$ cat my_file-v3.tsv   # TSV, C-alpha atoms
chain	number	residue	atom	x	y	z
A	15	MET	CA	20.55	7.68	-16.62
A	16	ILE	CA	20.77	6.41	-13.04
A	17	ASP	CA	17.45	6.28	-11.24
A	18	ARG	CA	18.31	8.03	-7.97
A	19	VAL	CA	14.90	7.36	-6.44
A	20	ARG	CA	15.30	3.64	-7.04
A	21	ILE	CA	18.81	3.65	-5.60
A	22	LEU	CA	17.60	5.47	-2.47
A	23	ASP	CA	14.74	3.03	-2.12
A	24	LEU	CA	17.13	0.07	-2.35
A	25	TRP	CA	19.44	1.74	0.16
A	26	ARG	CA	16.60	2.20	2.68
A	27	ARG	CA	15.81	-1.51	2.47
A	28	TRP	CA	19.18	-2.43	3.92
A	29	PRO	CA	19.36	-2.99	7.72
A	30	VAL	CA	20.09	0.19	9.64
A	31	THR	CA	23.38	-1.26	10.92
A	32	VAL	CA	24.62	-1.79	7.38
A	33	ARG	CA	23.66	1.79	6.47
A	34	ASP	CA	25.55	3.20	9.48
A	35	LEU	CA	28.66	1.09	8.89
A	36	PRO	CA	30.21	3.37	6.20
A	37	LEU	CA	30.40	6.29	8.66
A	38	ALA	CA	32.15	4.10	11.22
A	39	LEU	CA	34.64	2.84	8.63
A	40	ALA	CA	35.29	6.38	7.40
A	41	PHE	CA	36.39	7.48	10.89
A	42	ALA	CA	38.56	4.38	11.28
A	43	VAL	CA	40.28	4.83	7.90
A	44	ALA	CA	40.83	8.57	8.45
A	45	SER	CA	42.43	7.87	11.84
A	46	VAL	CA	45.11	5.54	10.44
A	47	ILE	CA	46.21	7.86	7.63
A	48	PRO	CA	49.73	9.03	8.61
A	49	ALA	CA	49.12	12.61	7.51
A	50	LEU	CA	46.21	12.89	9.97
A	51	HIS	CA	48.00	11.43	13.00
A	52	SER	CA	47.64	13.63	16.07
A	53	ASN	CA	45.25	15.94	14.20
A	54	GLY	CA	42.12	14.79	15.99
A	55	THR	CA	40.31	16.09	19.05
A	56	GLN	CA	42.75	17.10	21.79
A	57	LEU	CA	41.41	17.47	25.32
A	58	GLY	CA	43.79	18.04	28.20
A	59	ASP	CA	46.70	19.51	26.25
A	60	LEU	CA	48.86	16.45	26.87
A	61	PRO	CA	51.83	15.69	24.59
A	62	ASP	CA	51.16	13.50	21.55
A	63	GLN	CA	52.15	9.84	21.68
A	64	PRO	CA	53.30	7.77	18.66
A	65	PHE	CA	50.84	5.27	17.18
A	66	ASP	CA	51.17	1.66	18.27
A	67	ALA	CA	48.96	-1.42	18.61
A	68	THR	CA	47.09	0.22	21.49
A	69	ALA	CA	46.22	3.15	19.23
A	70	VAL	CA	44.65	0.78	16.71
A	71	VAL	CA	42.48	-0.73	19.46
A	72	VAL	CA	41.49	2.75	20.62
A	73	ILE	CA	40.54	3.78	17.08
A	74	ALA	CA	38.38	0.69	16.67
A	75	LEU	CA	36.72	1.36	20.03
A	76	GLU	CA	35.95	4.97	19.10
A	77	SER	CA	34.75	4.54	15.53
A	78	LEU	CA	33.28	1.07	14.91
A	79	PRO	CA	30.44	1.35	17.49
A	80	LEU	CA	28.94	4.07	15.25
A	81	ALA	CA	27.61	1.18	13.13
A	82	VAL	CA	25.07	0.47	15.91
A	83	ARG	CA	24.40	4.07	16.90
A	84	ARG	CA	20.71	3.78	15.93
A	85	ARG	CA	20.11	0.16	16.86
A	86	TRP	CA	21.85	0.18	20.26
A	87	PRO	CA	22.52	3.86	21.02
A	88	ALA	CA	23.37	3.40	24.72
A	89	ALA	CA	25.98	0.73	23.96
A	90	CYS	CA	27.41	2.88	21.18
A	91	LEU	CA	27.79	5.88	23.50
A	92	ALA	CA	29.41	3.80	26.24
A	93	LEU	CA	32.02	2.25	23.93
A	94	VAL	CA	32.82	5.48	22.09
A	95	SER	CA	33.14	7.35	25.42
A	96	LEU	CA	35.52	4.67	26.75
A	97	GLY	CA	37.63	4.84	23.62
A	98	PHE	CA	37.67	8.66	23.76
A	99	ALA	CA	38.80	8.64	27.39
A	100	VAL	CA	41.68	6.24	26.67
A	101	ASP	CA	42.58	8.21	23.53
A	102	GLN	CA	42.89	11.49	25.43
A	103	PHE	CA	44.54	9.96	28.52
A	104	LEU	CA	47.28	8.26	26.47
A	105	GLY	CA	47.71	11.23	24.13
A	106	PHE	CA	46.97	9.62	20.75
A	107	HIS	CA	44.52	12.40	19.75
A	108	THR	CA	43.10	10.47	16.79
A	109	VAL	CA	40.56	11.71	14.27
A	110	ALA	CA	38.19	9.06	15.65
A	111	GLY	CA	37.77	11.22	18.75
A	112	THR	CA	35.32	13.33	16.71
A	113	ALA	CA	32.93	10.39	16.88
A	114	LEU	CA	31.98	11.30	20.47
A	115	PRO	CA	29.65	14.23	19.60
A	116	ILE	CA	28.06	12.06	16.90
A	117	ALA	CA	27.48	9.25	19.40
A	118	LEU	CA	25.93	11.76	21.84
A	119	LEU	CA	23.63	13.19	19.17
A	120	SER	CA	22.54	9.73	18.01
A	121	THR	CA	21.86	8.58	21.57
A	122	SER	CA	19.76	11.67	22.25
A	123	VAL	CA	17.71	10.99	19.12
A	124	HIS	CA	17.28	7.24	19.27
A	125	LEU	CA	17.45	6.26	22.95
A	126	GLY	CA	13.92	5.26	23.90
A	127	ARG	CA	14.19	5.34	27.70
A	128	HIS	CA	16.52	6.45	30.49
A	129	ARG	CA	17.74	9.52	28.62
A	130	ARG	CA	18.08	11.46	31.88
A	131	ALA	CA	20.21	8.67	33.35
A	132	ALA	CA	22.38	8.75	30.23
A	133	VAL	CA	22.96	12.49	30.71
A	134	VAL	CA	23.91	12.04	34.36
A	135	LEU	CA	26.27	9.15	33.68
A	136	SER	CA	27.92	10.95	30.77
A	137	THR	CA	28.44	14.06	32.90
A	138	VAL	CA	29.95	12.06	35.75
A	139	ALA	CA	32.22	10.16	33.33
A	140	TYR	CA	33.37	13.44	31.76
A	141	ALA	CA	34.11	14.95	35.18
A	142	LEU	CA	36.20	11.90	36.13
A	143	LEU	CA	38.10	12.14	32.82
A	144	ALA	CA	38.79	15.84	33.43
A	145	VAL	CA	40.13	15.09	36.92
A	146	ALA	CA	42.31	12.23	35.58
A	147	LEU	CA	43.73	14.44	32.82
A	148	ASP	CA	44.42	17.23	35.28
A	149	ARG	CA	46.33	14.89	37.60
A	150	ARG	CA	48.35	13.60	34.65
A	151	GLY	CA	49.61	17.10	34.03
A	152	SER	CA	46.99	18.63	31.76
A	153	GLY	CA	47.28	22.31	31.08
A	154	GLU	CA	43.71	22.63	29.78
A	155	GLY	CA	42.34	24.45	32.78
A	156	LEU	CA	38.78	24.71	34.02
A	157	ALA	CA	37.67	27.00	31.17
A	158	GLY	CA	38.89	24.52	28.55
A	159	PHE	CA	37.13	21.56	30.14
A	160	VAL	CA	33.87	23.53	30.56
A	161	SER	CA	34.01	24.76	26.96
A	162	PHE	CA	34.38	21.23	25.60
A	163	TYR	CA	31.55	20.06	27.87
A	164	LEU	CA	29.32	22.76	26.38
A	165	VAL	CA	30.15	21.49	22.89
A	166	LEU	CA	29.05	18.01	23.94
A	167	ALA	CA	25.90	19.47	25.54
A	168	ILE	CA	25.05	21.24	22.28
A	169	ALA	CA	25.37	17.93	20.43
A	170	TRP	CA	22.99	16.30	22.91
A	171	GLY	CA	20.59	19.24	22.63
A	172	MET	CA	20.55	19.00	18.84
A	173	GLY	CA	19.64	15.32	19.14
A	174	ALA	CA	16.83	16.15	21.58
A	175	TRP	CA	15.48	18.75	19.15
A	176	LEU	CA	15.56	16.26	16.28
A	177	ARG	CA	13.78	13.64	18.41
A	178	LEU	CA	11.02	16.07	19.41
A	179	SER	CA	10.62	17.25	15.82
A	180	ARG	CA	10.26	13.69	14.56
A	181	ALA	CA	7.78	12.89	17.33
A	182	ALA	CA	5.69	15.95	16.45
A	183	GLU	CA	5.77	15.01	12.76
A	184	ALA	CA	4.73	11.43	13.56
A	185	GLU	CA	1.88	12.71	15.74
A	186	SER	CA	0.76	15.03	12.96
A	187	ARG	CA	0.78	12.16	10.47
A	188	ARG	CA	-1.21	10.06	12.94
A	189	HIS	CA	-3.84	12.78	13.32
A	190	ILE	CA	-4.06	13.20	9.55
A	191	ALA	CA	-4.42	9.44	9.05
A	192	GLU	CA	-7.08	9.28	11.77
A	193	ALA	CA	-8.99	12.20	10.25
A	194	THR	CA	-8.75	10.58	6.83
A	195	ARG	CA	-10.09	7.28	8.17
A	196	THR	CA	-12.92	9.08	9.94
A	197	ALA	CA	-13.84	10.99	6.80
A	198	GLU	CA	-13.74	7.80	4.76
A	199	ARG	CA	-15.93	5.94	7.26
A	200	THR	CA	-18.38	8.84	7.17
A	201	ARG	CA	-18.42	8.82	3.38
A	202	ILE	CA	-18.98	5.05	3.26
A	203	ALA	CA	-21.77	5.28	5.85
A	204	ARG	CA	-23.40	8.04	3.82
A	205	GLU	CA	-23.17	6.07	0.59
A	206	LEU	CA	-24.57	2.95	2.25
A	207	HIS	CA	-27.41	5.01	3.70
A	208	ASP	CA	-28.22	6.56	0.33
A	209	VAL	CA	-28.08	3.25	-1.54
A	210	VAL	CA	-29.84	1.02	0.98
A	211	THR	CA	-32.47	3.25	2.55
A	212	HIS	CA	-34.34	4.12	-0.62
A	213	HIS	CA	-34.55	0.57	-1.96
A	214	VAL	CA	-35.47	-0.99	1.39
A	215	THR	CA	-38.09	1.68	2.06
A	216	ALA	CA	-39.69	1.04	-1.31
A	217	MET	CA	-39.69	-2.72	-0.67
A	218	VAL	CA	-41.30	-2.27	2.76
A	219	VAL	CA	-44.01	-0.01	1.38
A	220	GLN	CA	-44.74	-2.36	-1.52
A	221	ALA	CA	-44.78	-5.43	0.76
A	222	GLU	CA	-47.21	-3.75	3.15
A	223	ALA	CA	-49.46	-2.80	0.25
A	224	ALA	CA	-49.41	-6.40	-1.00
A	225	ARG	CA	-51.11	-7.55	2.20
A	226	TYR	CA	-54.31	-5.82	1.11
A	227	LEU	CA	-54.29	-7.08	-2.49
A	228	THR	CA	-55.12	-10.73	-1.92
A	229	ALA	CA	-58.50	-10.19	-3.60
A	230	ALA	CA	-56.85	-8.69	-6.70
A	231	PRO	CA	-54.37	-11.27	-8.01
A	232	GLU	CA	-53.22	-9.13	-10.95
A	233	ARG	CA	-52.38	-6.14	-8.78
A	234	LEU	CA	-50.80	-8.43	-6.20
A	235	ASP	CA	-48.59	-9.96	-8.88
A	236	GLN	CA	-47.52	-6.49	-10.08
A	237	THR	CA	-46.70	-5.40	-6.55
A	238	LEU	CA	-44.64	-8.49	-5.81
A	239	ALA	CA	-42.83	-8.06	-9.14
A	240	ALA	CA	-42.02	-4.48	-8.13
A	241	VAL	CA	-40.65	-5.73	-4.80
A	242	SER	CA	-38.42	-8.23	-6.62
A	243	ASP	CA	-37.21	-5.58	-9.06
A	244	THR	CA	-36.40	-3.18	-6.23
A	245	GLY	CA	-34.52	-5.94	-4.39
A	246	ARG	CA	-32.44	-6.71	-7.47
A	247	ARG	CA	-31.58	-3.03	-7.88
A	248	ALA	CA	-30.56	-2.88	-4.23
A	249	ILE	CA	-28.30	-5.90	-4.64
A	250	THR	CA	-26.73	-4.41	-7.79
A	251	ASP	CA	-26.03	-1.09	-6.07
A	252	LEU	CA	-24.62	-2.79	-2.98
A	253	ARG	CA	-22.36	-5.03	-5.05
A	254	HIS	CA	-21.02	-2.04	-6.92
A	255	LEU	CA	-20.39	-0.12	-3.70
A	256	LEU	CA	-18.57	-3.10	-2.22
A	257	ASP	CA	-16.50	-3.37	-5.40
A	258	LEU	CA	-15.43	0.24	-4.92
A	259	LEU	CA	-14.34	-0.56	-1.37
A	260	ASN	CA	-12.23	-3.45	-2.65
A	261	PRO	CA	-8.59	-2.25	-2.93
A	262	ASP	CA	-8.11	-4.47	-6.01
A	263	HIS	CA	-11.01	-2.82	-7.84
A	264	ASP	CA	-9.72	-0.82	-10.81
A	265	ALA	CA	-12.24	-1.46	-13.55
A	266	GLU	CA	-14.31	1.33	-15.03
A	267	PRO	CA	-17.93	1.06	-13.91
A	268	ALA	CA	-20.32	0.38	-16.72
A	269	THR	CA	-23.58	0.01	-14.82
A	270	ALA	CA	-26.07	2.62	-13.81
A	271	ALA	CA	-25.00	2.19	-10.22
A	272	GLY	CA	-21.45	2.91	-11.29
A	273	LEU	CA	-22.56	6.15	-12.88
A	274	ARG	CA	-24.12	7.28	-9.65
A	275	GLY	CA	-21.15	6.25	-7.57
A	276	GLN	CA	-18.38	7.72	-9.69
A	277	GLY	CA	-19.57	11.16	-10.67
A	278	ALA	CA	-21.24	10.49	-13.99
A	279	LEU	CA	-21.99	12.91	-16.78
A	280	GLY	CA	-25.19	14.90	-16.64
A	281	PRO	CA	-27.47	13.06	-19.11
A	282	ALA	CA	-26.62	9.66	-17.65
A	283	VAL	CA	-27.59	10.71	-14.16
A	284	ILE	CA	-30.75	12.40	-15.42
A	285	GLY	CA	-31.71	9.07	-16.97
A	286	GLU	CA	-31.14	7.50	-13.56
A	287	LEU	CA	-33.37	10.15	-11.99
A	288	ARG	CA	-36.20	9.13	-14.30
A	289	ASP	CA	-35.71	5.49	-13.29
A	290	LEU	CA	-35.72	6.54	-9.64
A	291	VAL	CA	-38.97	8.44	-10.08
A	292	GLU	CA	-40.56	5.50	-11.89
A	293	GLN	CA	-39.48	3.12	-9.14
A	294	THR	CA	-41.06	5.41	-6.54
A	295	ARG	CA	-44.28	5.52	-8.54
A	296	ARG	CA	-44.41	1.73	-8.61
A	297	ALA	CA	-44.16	1.81	-4.83
A	298	GLY	CA	-47.44	3.73	-4.75
A	299	GLN	CA	-46.22	7.31	-4.52
A	300	PRO	CA	-47.64	9.75	-7.10
A	301	VAL	CA	-44.58	11.64	-8.33
A	302	GLU	CA	-44.42	14.44	-10.89
A	303	PHE	CA	-40.99	14.98	-12.46
A	304	VAL	CA	-40.08	18.24	-14.22
A	305	GLU	CA	-36.69	18.92	-15.77
A	306	GLU	CA	-35.78	22.42	-17.00
A	307	GLY	CA	-32.75	23.33	-19.05
A	308	SER	CA	-30.07	21.08	-20.47
A	309	PRO	CA	-27.70	19.14	-18.21
A	310	GLN	CA	-24.02	19.90	-18.68
A	311	GLN	CA	-21.61	17.24	-19.83
A	312	THR	CA	-19.05	18.22	-17.16
A	313	ALA	CA	-21.28	18.62	-14.11
A	314	GLY	CA	-19.61	15.64	-12.41
A	315	SER	CA	-20.09	15.66	-8.64
A	316	ALA	CA	-22.94	18.15	-8.90
A	317	GLU	CA	-25.06	15.63	-10.82
A	318	VAL	CA	-24.31	12.92	-8.26
A	319	ALA	CA	-25.34	15.28	-5.46
A	320	THR	CA	-28.51	16.07	-7.40
A	321	TYR	CA	-29.35	12.39	-7.62
A	322	ARG	CA	-28.76	11.90	-3.90
A	323	VAL	CA	-30.96	14.88	-2.96
A	324	VAL	CA	-33.87	13.55	-5.02
A	325	GLN	CA	-33.31	10.00	-3.77
A	326	GLU	CA	-33.36	10.99	-0.10
A	327	ALA	CA	-36.39	13.27	-0.54
A	328	LEU	CA	-38.37	10.52	-2.29
A	329	THR	CA	-37.34	8.02	0.38
A	330	ASN	CA	-38.68	10.33	3.09
A	331	ALA	CA	-41.87	10.87	1.09
A	332	LEU	CA	-42.40	7.10	0.92
A	333	LYS	CA	-41.74	6.73	4.63
A	334	TYR	CA	-43.71	9.60	6.08
A	335	ALA	CA	-46.20	10.74	3.44
A	336	HIS	CA	-47.02	7.60	1.48
A	337	GLY	CA	-49.65	8.27	-1.13
A	338	SER	CA	-49.28	12.06	-1.01
A	339	ARG	CA	-48.52	13.94	-4.21
A	340	THR	CA	-44.81	14.64	-4.64
A	341	ALA	CA	-43.25	17.03	-7.15
A	342	VAL	CA	-39.62	16.82	-8.28
A	343	ARG	CA	-38.19	19.83	-10.12
A	344	VAL	CA	-34.63	19.93	-11.47
A	345	HIS	CA	-33.48	23.16	-13.12
A	346	HIS	CA	-30.16	23.23	-15.00
A	347	ALA	CA	-28.65	26.72	-15.00
A	348	PRO	CA	-25.31	27.61	-16.65
A	349	GLN	CA	-23.38	27.53	-13.37
A	350	GLU	CA	-25.62	25.61	-10.99
A	351	ILE	CA	-28.35	23.02	-10.56
A	352	ILE	CA	-31.44	23.87	-8.53
A	353	VAL	CA	-33.37	20.96	-7.03
A	354	GLU	CA	-36.75	21.15	-5.31
A	355	VAL	CA	-38.74	18.19	-4.03
A	356	SER	CA	-42.07	19.02	-2.37
A	357	THR	CA	-44.56	16.64	-0.79
A	358	ASP	CA	-48.16	17.43	0.11
A	359	GLY	CA	-49.46	16.52	3.53
A	360	ARG	CA	-51.21	17.95	6.52
A	361	GLU	CA	-48.43	17.28	9.01
A	362	PRO	CA	-44.88	17.49	7.67
A	363	VAL	CA	-42.58	14.90	9.10
A	364	THR	CA	-38.88	15.74	9.20
A	365	SER	CA	-37.53	12.61	10.79
A	366	SER	CA	-38.50	9.14	11.79
A	367	PRO	CA	-39.18	8.39	15.46
A	368	GLY	CA	-36.47	5.74	15.23
A	369	GLY	CA	-34.46	7.25	12.41
A	370	SER	CA	-30.77	8.01	12.53
A	371	GLY	CA	-31.06	11.50	11.02
A	372	ARG	CA	-28.16	10.75	8.68
A	373	GLY	CA	-30.08	11.37	5.46
A	374	LEU	CA	-30.69	15.12	5.55
A	375	ALA	CA	-27.49	15.77	7.51
A	376	GLY	CA	-25.50	13.83	4.91
A	377	LEU	CA	-27.11	15.80	2.09
A	378	ARG	CA	-26.34	19.11	3.78
A	379	GLU	CA	-22.71	18.04	4.12
A	380	ARG	CA	-22.49	16.74	0.54
A	381	VAL	CA	-23.96	19.93	-0.94
A	382	GLY	CA	-21.88	22.11	1.38
A	383	VAL	CA	-18.64	20.50	0.23
A	384	LEU	CA	-19.49	21.60	-3.33
A	385	GLY	CA	-20.12	25.16	-2.15
A	386	GLY	CA	-23.91	24.94	-2.48
A	387	GLU	CA	-26.91	25.57	-0.26
A	388	PHE	CA	-29.35	23.06	1.21
A	389	SER	CA	-32.58	23.43	3.17
A	390	ALA	CA	-35.37	21.13	4.28
A	391	GLY	CA	-38.44	22.03	6.28
A	392	ARG	CA	-42.13	22.81	6.55
A	393	ARG	CA	-43.82	24.27	3.51
A	394	ALA	CA	-46.33	27.11	3.70
A	395	GLY	CA	-49.79	25.60	3.53
A	396	GLY	CA	-48.67	22.19	4.75
A	397	GLY	CA	-46.31	19.54	3.49
A	398	PHE	CA	-42.57	19.32	3.31
A	399	VAL	CA	-40.04	20.70	0.85
A	400	VAL	CA	-36.37	19.98	0.19
A	401	ARG	CA	-34.33	22.55	-1.76
A	402	ALA	CA	-30.74	22.50	-2.94
A	403	ARG	CA	-28.60	24.84	-5.01
A	404	ILE	CA	-25.56	22.99	-6.29
A	405	PRO	CA	-22.73	24.71	-8.22
A	406	ALA	CA	-22.05	22.90	-11.49
A	407	GLY	CA	-19.44	22.90	-14.23
A	408	GLY	CA	-16.35	24.91	-13.39
A	409	ALA	CA	-17.86	26.03	-10.09
A	410	SER	CA	-17.98	22.48	-8.75

$ encode --input "my_file-v3.tsv" --output "structure tokens"
Amino acid sequence: MIDRVRILDLWRRWPVTVRDLPLALAFAVASVIPALHSNGTQLGDLPDQPFDATAVVVIALESLPLAVRRRWPAACLALVSLGFAVDQFLGFHTVAGTALPIALLSTSVHLGRHRRAAVVLSTVAYALLAVALDRRGSGEGLAGFVSFYLVLAIAWGMGAWLRLSRAAEAESRRHIAEATRTAERTRIARELHDVVTHHVTAMVVQAEAARYLTAAPERLDQTLAAVSDTGRRAITDLRHLLDLLNPDHDAEPATAAGLRGQGALGPAVIGELRDLVEQTRRAGQPVEFVEEGSPQQTAGSAEVATYRVVQEALTNALKYAHGSRTAVRVHHAPQEIIVEVSTDGREPVTSSPGGSGRGLAGLRERVGVLGGEFSAGRRAGGGFVVRARIPAGGAS
């Protein structure tokens, strides 16, 4: 069976002149067939003339320029118009005369500049041809010449419509591509924020705590070991994220970072949540973790969003309420996951004086895309609470 898609693809790889050549040759061959002599376009109502060497030259002038109708449209129109004028003035009336509307349409579509000048020149040339035919004894009359001019104008108008349609389609594709790039940049920035901020915050907090542990070598050693471990996790997550951005990356992720980045199954991400909580505890934040219900095996993006909500909330707790008790509650319902992270404190802090504000805004967007609800704000009695309801399973 012939692969038509492959054939079309091979055909499109040929130069545009080669692809337009068959149409030009078709007009030329049709014009020299004896049965079609004097059966072409007839303007001016002049008597037919027998074919001779001049007729062959006229046919070539009318038809062969169609091979460059897209590459050099102005030159194509000029040559075809000249051949058409000679054809009608001498009375050959060849089939190749039909190439004039095609040349007009192609010029209207593909001419990049000076389209208005092309219209004016073509109109003037047609008027001169009409006058010359009338003086040679044409019986066409004004109505006949105007009617044929309208046919040519329709061909030009069709080309203009095609050109505008293609331009609008190209503009639409450009807007879609730009929106896609913007969305991808936003997604990458959000992922980098989620991956980097938590690890770096934990390292900063641990490093600051180490300054006050010089009198306790054992605790100092534990703190520095925690800093090193957090740094290694950050490097692992960053490497995995960069691998995903690599267009040649096609391997299935096998690391914990890969599970978080690719939409892992429920139990795997829950295991990562426990590691995240433990890492936060080592940074000096008392965290209580409570899991209710059983995670679904097909939660997918909902579990990743759950991980990111907890990660961002714990990062903020480390930044703005270090040492305050923090409670993480994850409830698995049949059709949704409910996440609540609350932090004690007298003065709730919702953003850093120098922060970018991307964290909570990114979470709200991530949860919203899945059709869920997200809130973050002051808790009654003091402190700060982050809540999220994320559709899971078939709902997500």

$ residues_around --input "my_file-v3.tsv" --residues "Phe103 of chain A" --least-positions-apart "5" --cutoff "9 Å" --atoms "all atoms listed in the file" --output "ChimeraX atom specification"
/A:57-58,60,98,143,146-147,150

$ atom_distance --input "my_file-v3.tsv" --atom1 "atom CA of Tyr321 of chain A" --atom2 "atom CA of Val344 of chain A"
10.0 Å

$ atom_distance --input "my_file-v3.tsv" --atom1 "atom CA of Tyr140 of chain A" --atom2 "atom CA of Leu78 of chain A"
20.9 Å

$ closest_residue --input "my_file-v3.tsv" --among "A:Val94, A:Ala347, A:Val109, A:Ala174" --to "Ile47 of chain A" --atoms "only C-alpha atoms"
A:Val109

$ atom_distance --input "my_file-v3.tsv" --atom1 "atom CA of Gln349 of chain A" --atom2 "atom CA of Arg288 of chain A"
22.4 Å

$ closest_residue --input "my_file-v3.tsv" --among "A:Asp34, A:Glu302, A:Glu183, A:Asp66" --to "Ala117 of chain A" --atoms "all atoms listed in the file"
A:Asp34

$ residues_around --input "my_file-v3.tsv" --residues "Val323 of chain A" --least-positions-apart "2" --cutoff "12 Å" --atoms "all atoms listed in the file" --output "PyMOL selection string"
chain A and resi 208+212+287+290+316-321+325-330+342-344+351-356+373-381+387-390+399-404

$ axis_aligned_box --input "my_file-v3.tsv" --around "segment 72-86 of chain A" --padding-each-side "3 Å" --output "JSON"
{"center_x": 30.8, "center_y": 2.6, "center_z": 16.9, "size_x": 27.4, "size_y": 10.8, "size_z": 13.5}

$ residues_near_point --input "my_file-v3.tsv" --point "(35.3, 23.8, 29.4)" --cutoff "12 Å" --atoms "all atoms listed in the file" --output "list of chain:residue names"
A:Leu57, A:Gly58, A:Tyr140, A:Ala141, A:Ala144, A:Glu154, A:Gly155, A:Leu156, A:Ala157, A:Gly158, A:Phe159, A:Val160, A:Ser161, A:Phe162, A:Tyr163, A:Leu164, A:Val165, A:Leu166, A:Ala167

$ closest_residue --input "my_file-v3.tsv" --among "A:Gly97, A:Gly126, A:Pro300, A:Pro36" --to "Val82 of chain A" --atoms "all atoms listed in the file"
A:Pro36

$ residues_around --input "my_file-v3.tsv" --residues "segment 23-31 of chain A" --least-positions-apart "6" --cutoff "8 Å" --atoms "only C-alpha atoms" --output "short mmCIF file (atom, residue, chain, number, x, y, z; two decimals) with C-alpha atoms, keeping the file's coordinate frame"
data_model
loop_
_atom_site.label_atom_id
_atom_site.label_comp_id
_atom_site.auth_asym_id
_atom_site.auth_seq_id
_atom_site.Cartn_x
_atom_site.Cartn_y
_atom_site.Cartn_z
CA ALA A 81 27.61 1.18 13.13
CA VAL A 82 25.07 0.47 15.91
CA ARG A 84 20.71 3.78 15.93
CA ARG A 85 20.11 0.16 16.86
#

$ residues_around --input "my_file-v3.tsv" --residues "Thr357 of chain A" --least-positions-apart "2" --cutoff "7 Å" --atoms "only C-alpha atoms" --output "list in words"
Ala331, Ser338, Arg339, Thr340, Ala341, Val355, Gly359, Gly397, Phe398 and Val399 of chain A

$ closest_residue --input "my_file-v3.tsv" --among "A:His124, A:Arg296, A:Arg188, A:His207" --to "Val241 of chain A" --atoms "all atoms listed in the file"
A:Arg296

$ closest_residue --input "my_file-v3.tsv" --among "A:Arg247, A:Arg201, A:Arg149, A:Arg129" --to "Trp170 of chain A" --atoms "all atoms listed in the file"
A:Arg129

$ residues_around --input "my_file-v3.tsv" --residues "Leu119 of chain A" --least-positions-apart "3" --cutoff "7 Å" --atoms "only C-alpha atoms" --output "VMD selection string"
chain A and resid 115 to 116 122 to 123 169 to 170 172 to 173

$ closest_residue --input "my_file-v3.tsv" --among "A:Glu76, A:Asp358, A:Glu350, A:Asp243" --to "His336 of chain A" --atoms "only C-alpha atoms"
A:Asp358

$ decode --input "my_file-v3.tsv" --residues "segment 51-63 of chain A" --atoms "N, CA and C atoms" --output "PDB file, in the first residue's frame"
ATOM      1  N   HIS A  51      -7.079  23.694 -30.623  1.00  0.00           N
ATOM      2  CA  HIS A  51      -6.694  24.954 -31.257  1.00  0.00           C
ATOM      3  C   HIS A  51      -7.895  25.879 -31.352  1.00  0.00           C
ATOM      4  N   SER A  52      -7.664  27.136 -31.035  1.00  0.00           N
ATOM      5  CA  SER A  52      -8.696  28.181 -31.115  1.00  0.00           C
ATOM      6  C   SER A  52      -9.861  27.931 -30.168  1.00  0.00           C
ATOM      7  N   ASN A  53      -9.634  27.119 -29.134  1.00  0.00           N
ATOM      8  CA  ASN A  53     -10.684  26.876 -28.133  1.00  0.00           C
ATOM      9  C   ASN A  53     -10.355  27.513 -26.785  1.00  0.00           C
ATOM     10  N   GLY A  54      -9.388  28.425 -26.786  1.00  0.00           N
ATOM     11  CA  GLY A  54      -9.010  29.075 -25.548  1.00  0.00           C
ATOM     12  C   GLY A  54      -9.783  30.356 -25.313  1.00  0.00           C
ATOM     13  N   THR A  55      -9.268  31.181 -24.440  1.00  0.00           N
ATOM     14  CA  THR A  55      -9.898  32.460 -24.116  1.00  0.00           C
ATOM     15  C   THR A  55      -9.877  33.371 -25.347  1.00  0.00           C
ATOM     16  N   GLN A  56     -11.053  33.965 -25.645  1.00  0.00           N
ATOM     17  CA  GLN A  56     -11.157  34.828 -26.818  1.00  0.00           C
ATOM     18  C   GLN A  56     -11.685  36.185 -26.372  1.00  0.00           C
ATOM     19  N   LEU A  57     -10.810  37.177 -26.420  1.00  0.00           N
ATOM     20  CA  LEU A  57     -11.180  38.547 -26.063  1.00  0.00           C
ATOM     21  C   LEU A  57     -11.016  39.424 -27.299  1.00  0.00           C
ATOM     22  N   GLY A  58     -12.066  40.139 -27.635  1.00  0.00           N
ATOM     23  CA  GLY A  58     -11.985  41.035 -28.793  1.00  0.00           C
ATOM     24  C   GLY A  58     -12.770  40.546 -29.996  1.00  0.00           C
ATOM     25  N   ASP A  59     -13.134  39.264 -29.986  1.00  0.00           N
ATOM     26  CA  ASP A  59     -13.956  38.733 -31.083  1.00  0.00           C
ATOM     27  C   ASP A  59     -13.298  38.922 -32.449  1.00  0.00           C
ATOM     28  N   LEU A  60     -11.962  38.728 -32.456  1.00  0.00           N
ATOM     29  CA  LEU A  60     -11.241  38.799 -33.730  1.00  0.00           C
ATOM     30  C   LEU A  60     -11.220  37.418 -34.378  1.00  0.00           C
ATOM     31  N   PRO A  61     -11.060  37.331 -35.672  1.00  0.00           N
ATOM     32  CA  PRO A  61     -11.025  36.023 -36.350  1.00  0.00           C
ATOM     33  C   PRO A  61      -9.797  35.203 -35.939  1.00  0.00           C
ATOM     34  N   ASP A  62      -9.984  33.881 -35.897  1.00  0.00           N
ATOM     35  CA  ASP A  62      -8.880  32.996 -35.497  1.00  0.00           C
ATOM     36  C   ASP A  62      -7.807  32.970 -36.582  1.00  0.00           C
ATOM     37  N   GLN A  63      -6.551  32.833 -36.095  1.00  0.00           N
ATOM     38  CA  GLN A  63      -5.408  32.728 -37.001  1.00  0.00           C
ATOM     39  C   GLN A  63      -4.805  31.320 -36.871  1.00  0.00           C
TER      40      GLN A  63
END
